[in-house]
Protein chains: 2
Amino acid sequence: MNNPEQKRSHSAATDAVSEKPRRAVSQGLKGRGVKGRDTTGRSGAGGRKGRRKARENTVVQRVPFINRQIATFDILNEEGLCLIEENANTLLKEIGMEFTDDPEILALFKGAGADVQGNRVRFEPGHPRQIVQATAPAEYVQYARNPDNNVVIGGNNTVLCPSFGPPFIHNLDEGRRYGTLEDFHNLVKIHQMIPWLHHSGGIVCEPVDIPVNKRHLDMLLGHFRYSDRGCFGALIGAERAQDSVAMAKILFGDDFVDRNCVLYSVANTNAPLVLDTAMSGALKTYARNNQAVACTPWTLAGAMSPCTVAGTLAQVLAEAMAVCALTQLVRPGAPCLMGSFATAISMQSGAPTFGNPEGAKMVLAAGQLARRLGVPFHTVGALSASKLPDAQAQQEATYGLIMSVLAGANFINHATGWLEGGLVTGFEKTVIDADLCVKPAILLPLLE
Amino acid sequence: MNNPEQKRSHSAATDAVSEKPRRAVSQGLKGRGVKGRDTTGRSGAGGRKGRRKARENTVVQRVPFINRQIATFDILNEEGLCLIEENANTLLKEIGMEFTDDPEILALFKGAGADVQGNRVRFEPGHPRQIVQATAPAEYVQYARNPDNNVVIGGNNTVLCPSFGPPFIHNLDEGRRYGTLEDFHNLVKIHQMIPWLHHSGGIVCEPVDIPVNKRHLDMLLGHFRYSDRGCFGALIGAERAQDSVAMAKILFGDDFVDRNCVLYSVANTNAPLVLDTAMSGALKTYARNNQAVACTPWTLAGAMSPCTVAGTLAQVLAEAMAVCALTQLVRPGAPCLMGSFATAISMQSGAPTFGNPEGAKMVLAAGQLARRLGVPFHTVGALSASKLPDAQAQQEATYGLIMSVLAGANFINHATGWLEGGLVTGFEKTVIDADLCVKPAILLPLLE
């Protein structure tokens, strides 16, 4: 509970966490962000040789995260927002959320006054929001191995993170094949070299040549060894999450980890309205250790949520509030984010589609809902259903990333590399998307 | 001056034009927009054959133009807007705008009270704005051969228009080569089949197999013959503009053309702060005949305008106000638009770049400035420097088109097909961009 780096702006903030002005958190880090020097100009040696030498020594100026100075793009008015919030309350009161096979979670919710029947937890309107707003920080710092790469998550800040989860990789020489630990390491190194990414991510590809039971250890070691930015812990299962925390403690020290966020994680719901033990086990572990959990309904509108944008938003908010509330019951003050990974399926084939205007409406509105809830907003970026780093891939990726940026997302997963609906991390796609990630870095600051 | 279909919302509106509520103009057309029926469902015949038959008979539902129901994305606050407006006033007072070799234009400005010395016209602060706001319509209708395709230009409406101007075409079979009249006709037919375009455009490619002195006649005939949507008249020179008006009068009738807009045109400035006779001659002809002129500073920041976004915006506004004012001196009440085609050059090579965040800031702010001026806003869409319809092309095109849409543009030129910095209209790019044009059609209406 001793957590001086985390900020809450809720009126109901308890005394358990010291209250610094939010601005101080951002500014304390911002000054350190601009490093290196731009040496692309002509060198003293002159000529082609001199220019090549100058290029070799170029250090690109970068900031550790983007600080937004222009407005978010809000598409819902007060009436629309209230309607969706009311519908989310109705969902949680009448249907409730199922937390499968975890007596501890059910006991926590029961203790907090929720209505628990079997695995199903029902809430009075406003109850989960109240739990979240009482203790969840509006903004927090994720510490990195290199302090220059610490990121402030929340407020007006945006953190871009590479592709997460694909079992396959794609490159122009070999085409598509299963990922290996060597690919994983190469991707981590490439990401570290991209100035416009701010986070090393997690499963940049699945290293399927490593046994599943120890794969998470090799991946985290890869991040710690080949990147000095922040990264994810393992997402699936309490045991692997605990291993991740243990490894982080070796790197950062026990006390530091207990007091500060050094690992990022996502708890995806089994939409509609279910959280299973694979996710809730890791969630409890991270929250208990004061590490960040992005509570993310994973919805394909028309499959796991209503076809309509408004209906999906109500479900997304309901699930996110219930899961965020769980983090605060496990450890009040632990950082949690409202996540949203919502897109539309083809109503003819059932295939997920990306970079579509329905998804844009959902992410823009979800950003507004998260700001009203008062926690940072997590979402996704440069997604594509394309199998290749082609025109389709960039049409979808560009549209999706821009909308997440305009939605005011604080953490954007999959900002580079994602192909084929998340089955593939593409090496060329990663590099092309890196160009895309420059745009928000320049768009979001004010006019000079 | 008898111009009942054109609307002005300025308080200084004269009595010469009857004043209907603006809403009526849009709504009078909107109902007619949704046509055809969606027959993609299963037909009675069933099976693959039945589905194929159903597809063959599919008539895609479309609207004649997009009616925006969500907000524009405004990046400048009142202070920023006032500063740019003041700087534009200073430019027009101290440096002025040059209108080359046209005594009639200089006499018009002198008669209106401007300071004319040689070809240079200087304005007191606020004077051009006053001229524009006194008589220029805030919204007007461009009539098409098919009344279902009439478009309302201005207000909350957005009209998407294909590639304009390239001397070359590109397709996957032949690569890049000079355009022909056959290509021109094929492009007009393809555009007519794309439900998400709203306008037939102008020089969809240059038919270089046709002599220059009669090329503009063949092009306009191509639009009239193979499309039933609105189109451009010839842009360069008074004579060709007059030919365009004469052809339109054959199609629509003399009286109708004098009372209504049936041709769209663009007058590009020779930035900085010059309008030459090629442009001003056509401008005068169209304005005199009550046809629309988009007054468009064509600026590459760093080459024809200051490097900074704010500096370029001041110049864009200055030029657009002066040229819009000219249209109103030629014929009060003739439709004019504030245009902006502003992007950044590479400061290393001098090459123009597209789909960049500097361009995004310029188009978003220019939209705000146009709304304060009180005339419709014209800009550009799916631009790219790429030579092929590839990932780069879609990254740039998608970013550019979205930003123009979010800027509240009323008319977006080059929404499809543009490649290689405007040297090439690509057939495949046209089809890929058509997919892109679906996104604003779904994003801009409200949530259901």
# chains A, B, ... in the order shown; residues from 1 in each chain; ligands from 1

call {"tool": "closest_atom_pairs", "arguments": {"of": "chain A", "to": "chain B", "cutoff": "6 Å", "atoms": "only C-alpha atoms", "output": "JSON lines"}}
result
{"residue": "A:Ile70", "atom": "CA", "partner": "B:Ile75", "partner_atom": "CA", "distance": 5.9}
{"residue": "A:Ile75", "atom": "CA", "partner": "B:Ile70", "partner_atom": "CA", "distance": 5.9}
{"residue": "A:Pro357", "atom": "CA", "partner": "B:Leu443", "partner_atom": "CA", "distance": 5.1}
{"residue": "A:Asp390", "atom": "CA", "partner": "B:Ala391", "partner_atom": "CA", "distance": 4.6}
{"residue": "A:Ala391", "atom": "CA", "partner": "B:Ala391", "partner_atom": "CA", "distance": 4.0}
{"residue": "A:Gln394", "atom": "CA", "partner": "B:Gln395", "partner_atom": "CA", "distance": 5.1}
{"residue": "A:Gln395", "atom": "CA", "partner": "B:Gln394", "partner_atom": "CA", "distance": 5.1}
{"residue": "A:Thr398", "atom": "CA", "partner": "B:Gln395", "partner_atom": "CA", "distance": 5.8}
{"residue": "A:Lys439", "atom": "CA", "partner": "B:Pro357", "partner_atom": "CA", "distance": 5.3}
{"residue": "A:Leu443", "atom": "CA", "partner": "B:Pro357", "partner_atom": "CA", "distance": 5.1}

call {"tool": "residues_around", "arguments": {"residues": "Tyr178 of chain B", "least_positions_apart": "3", "cutoff": "8 Å", "atoms": "only C-alpha atoms", "output": "list of chain:residue names"}}
result
B:Pro167, B:Phe168, B:Ile169, B:Glu206, B:Pro207, B:Val208

call {"tool": "residues_around", "arguments": {"residues": "Lys284 of chain A", "least_positions_apart": "2", "cutoff": "10 Å", "atoms": "only C-alpha atoms", "output": "list in words"}}
result
Glu104, Ile105, Gly237, Ala238, Ala241, Gln242, Ala267, Thr277, Met279, Ser280, Gly281, Ala282, Tyr286, Ala287, Arg288, Asn289, Asn290, Gln291, Val293, Leu326, Thr327, Gln328, Leu329, Val330 and Arg331 of chain A

call {"tool": "closest_residue", "arguments": {"among": "B:Ile84, B:Ala301, B:Val121, B:Ala234", "to": "Leu369 of chain B", "atoms": "only C-alpha atoms"}}
result
B:Ile84

call {"tool": "select_by_dssp", "arguments": {"residues": "segment 325-364 of chain A", "states": "alpha helix (DSSP H)", "output": "number ranges by chain"}}
result
A: 325-330, 357-364

call {"tool": "select_by_dssp", "arguments": {"residues": "segment 82-316 of chain A", "states": "strand (DSSP E)", "output": "VMD selection string"}}
result
chain A and resid 97 to 99 115 to 117 120 to 122 139 to 142 151 to 154 157 to 160 168 to 171 175 to 178 231 to 232 263 to 268 274 to 275 292 to 296 298 to 301

call {"tool": "atom_distance", "arguments": {"atom1": "atom CA of Glu94 of chain B", "atom2": "atom CA of Ala370 of chain B"}}
result
22.4 Å

call {"tool": "residues_around", "arguments": {"residues": "Val204 of chain B", "least_positions_apart": "5", "cutoff": "10 Å", "atoms": "only C-alpha atoms", "output": "ChimeraX atom specification"}}
result
/B:161-167,169,179,183-188,191,219,223,414,416-418,424-425

call {"tool": "closest_atom_pairs", "arguments": {"of": "segment 101-159 of chain B", "to": "segment 244-262 of chain B", "cutoff": "10 Å", "atoms": "only C-alpha atoms", "output": "JSON lines"}}
result
{"residue": "B:Tyr140", "atom": "CA", "partner": "B:Cys261", "partner_atom": "CA", "distance": 7.9}
{"residue": "B:Val141", "atom": "CA", "partner": "B:Cys261", "partner_atom": "CA", "distance": 6.6}
{"residue": "B:Gln142", "atom": "CA", "partner": "B:Cys261", "partner_atom": "CA", "distance": 4.9}
{"residue": "B:Tyr143", "atom": "CA", "partner": "B:Val262", "partner_atom": "CA", "distance": 4.9}
{"residue": "B:Ala144", "atom": "CA", "partner": "B:Val262", "partner_atom": "CA", "distance": 6.5}
{"residue": "B:Arg145", "atom": "CA", "partner": "B:Phe252", "partner_atom": "CA", "distance": 7.9}
{"residue": "B:Asn150", "atom": "CA", "partner": "B:Val262", "partner_atom": "CA", "distance": 9.1}

call {"tool": "atom_distance", "arguments": {"atom1": "atom CA of Leu181 of chain A", "atom2": "atom CA of Pro64 of chain A"}}
result
26.7 Å

call {"tool": "residues_around", "arguments": {"residues": "Cys307 of chain B", "least_positions_apart": "4", "cutoff": "12 Å", "atoms": "only C-alpha atoms", "output": "ChimeraX atom specification"}}
result
/A:448 /B:299-303,311-315,342-347,350,358-359,362

call {"tool": "write_last_selection", "arguments": {"atoms": "C-alpha atoms", "output": "PDB file, in the first residue's frame"}}
result
ATOM      1  CA  GLU A 448       4.891  25.315 -32.677  1.00  0.00           C
TER       2      GLU A 448
ATOM      3  CA  THR B 299       1.596  24.989 -50.736  1.00  0.00           C
ATOM      4  CA  LEU B 300       4.491  22.724 -49.913  1.00  0.00           C
ATOM      5  CA  ALA B 301       5.620  23.949 -46.521  1.00  0.00           C
ATOM      6  CA  GLY B 302       9.297  24.777 -46.748  1.00  0.00           C
ATOM      7  CA  ALA B 303       9.128  25.501 -50.499  1.00  0.00           C
ATOM      8  CA  GLY B 311       3.165  30.046 -40.840  1.00  0.00           C
ATOM      9  CA  THR B 312       1.778  28.014 -43.716  1.00  0.00           C
ATOM     10  CA  LEU B 313      -1.731  28.312 -42.306  1.00  0.00           C
ATOM     11  CA  ALA B 314      -1.492  32.107 -42.206  1.00  0.00           C
ATOM     12  CA  GLN B 315      -0.410  32.167 -45.849  1.00  0.00           C
ATOM     13  CA  ALA B 342      -0.814  21.916 -47.960  1.00  0.00           C
ATOM     14  CA  THR B 343       1.806  19.338 -47.168  1.00  0.00           C
ATOM     15  CA  ALA B 344       5.471  19.163 -46.172  1.00  0.00           C
ATOM     16  CA  ILE B 345       8.568  18.593 -48.274  1.00  0.00           C
ATOM     17  CA  SER B 346      11.535  16.511 -47.298  1.00  0.00           C
ATOM     18  CA  MET B 347      14.002  19.053 -45.991  1.00  0.00           C
ATOM     19  CA  GLY B 350      13.008  18.801 -51.448  1.00  0.00           C
ATOM     20  CA  GLU B 358       2.336  18.135 -40.466  1.00  0.00           C
ATOM     21  CA  GLY B 359      -0.204  17.888 -43.286  1.00  0.00           C
ATOM     22  CA  MET B 362      -2.631  21.893 -41.520  1.00  0.00           C
TER      23      MET B 362
END

call {"tool": "residues_around", "arguments": {"residues": "Leu275 of chain A", "least_positions_apart": "5", "cutoff": "9 Å", "atoms": "only C-alpha atoms", "output": "list in words"}}
result
Met97, Glu98, Phe99, Thr100, Ala267, Asn268, Thr269, Asn270, Ser280, Glu319 and Val323 of chain A

call {"tool": "residues_around", "arguments": {"residues": "Ile153 of chain B", "least_positions_apart": "2", "cutoff": "9 Å", "atoms": "only C-alpha atoms", "output": "JSON list (two decimals) with N, CA and C atoms, in the first residue's frame"}}
result
[["chain", "number", "residue", "atom", "x", "y", "z"],
["B", 65, "PHE", "N", -24.10, 11.84, -51.00],
["B", 65, "PHE", "CA", -22.98, 12.48, -50.32],
["B", 65, "PHE", "C", -23.09, 12.09, -48.86],
["B", 138, "ALA", "N", -22.80, 29.83, -47.90],
["B", 138, "ALA", "CA", -22.16, 28.88, -46.98],
["B", 138, "ALA", "C", -22.37, 27.45, -47.45],
["B", 139, "GLU", "N", -23.33, 27.26, -48.32],
["B", 139, "GLU", "CA", -23.72, 25.92, -48.75],
["B", 139, "GLU", "C", -24.43, 26.06, -50.09],
["B", 140, "TYR", "N", -24.18, 25.17, -51.01],
["B", 140, "TYR", "CA", -24.87, 25.25, -52.31],
["B", 140, "TYR", "C", -25.01, 23.85, -52.88],
["B", 141, "VAL", "N", -25.84, 23.75, -53.91],
["B", 141, "VAL", "CA", -26.06, 22.46, -54.56],
["B", 141, "VAL", "C", -25.31, 22.43, -55.89],
["B", 142, "GLN", "N", -24.56, 21.34, -56.13],
["B", 142, "GLN", "CA", -24.10, 21.13, -57.51],
["B", 142, "GLN", "C", -25.02, 20.10, -58.15],
["B", 151, "VAL", "N", -25.38, 17.00, -55.33],
["B", 151, "VAL", "CA", -24.66, 17.02, -54.05],
["B", 151, "VAL", "C", -24.81, 18.39, -53.39],
["B", 155, "GLY", "N", -21.79, 23.03, -45.21],
["B", 155, "GLY", "CA", -22.45, 22.54, -44.00],
["B", 155, "GLY", "C", -21.77, 21.30, -43.47],
["B", 156, "ASN", "N", -22.57, 20.30, -43.09],
["B", 156, "ASN", "CA", -22.02, 19.07, -42.52],
["B", 156, "ASN", "C", -21.82, 17.98, -43.57],
["B", 157, "ASN", "N", -21.75, 18.37, -44.82],
["B", 157, "ASN", "CA", -21.70, 17.37, -45.88],
["B", 157, "ASN", "C", -20.28, 17.19, -46.41],
["B", 158, "THR", "N", -20.01, 15.96, -46.84],
["B", 158, "THR", "CA", -18.71, 15.63, -47.44],
["B", 158, "THR", "C", -18.93, 14.92, -48.77],
["B", 159, "VAL", "N", -18.26, 15.43, -49.80],
["B", 159, "VAL", "CA", -18.32, 14.87, -51.14],
["B", 159, "VAL", "C", -16.94, 14.34, -51.50],
["B", 376, "PRO", "N", -17.73, 26.81, -47.79],
["B", 376, "PRO", "CA", -17.36, 25.39, -47.75],
["B", 376, "PRO", "C", -15.86, 25.20, -47.85],
["B", 377, "PHE", "N", -15.39, 24.05, -47.37],
["B", 377, "PHE", "CA", -13.95, 23.76, -47.31],
["B", 377, "PHE", "C", -13.60, 22.65, -48.29],
["B", 410, "ASN", "N", -15.64, 19.61, -46.95],
["B", 410, "ASN", "CA", -16.91, 19.47, -47.66],
["B", 410, "ASN", "C", -16.71, 18.85, -49.04],
["B", 411, "PHE", "N", -15.52, 19.02, -49.58],
["B", 411, "PHE", "CA", -15.21, 18.45, -50.89],
["B", 411, "PHE", "C", -13.79, 17.92, -50.82]]

call {"tool": "atom_distance", "arguments": {"atom1": "atom CA of Thr296 of chain A", "atom2": "atom CA of Pro332 of chain A"}}
result
19.0 Å
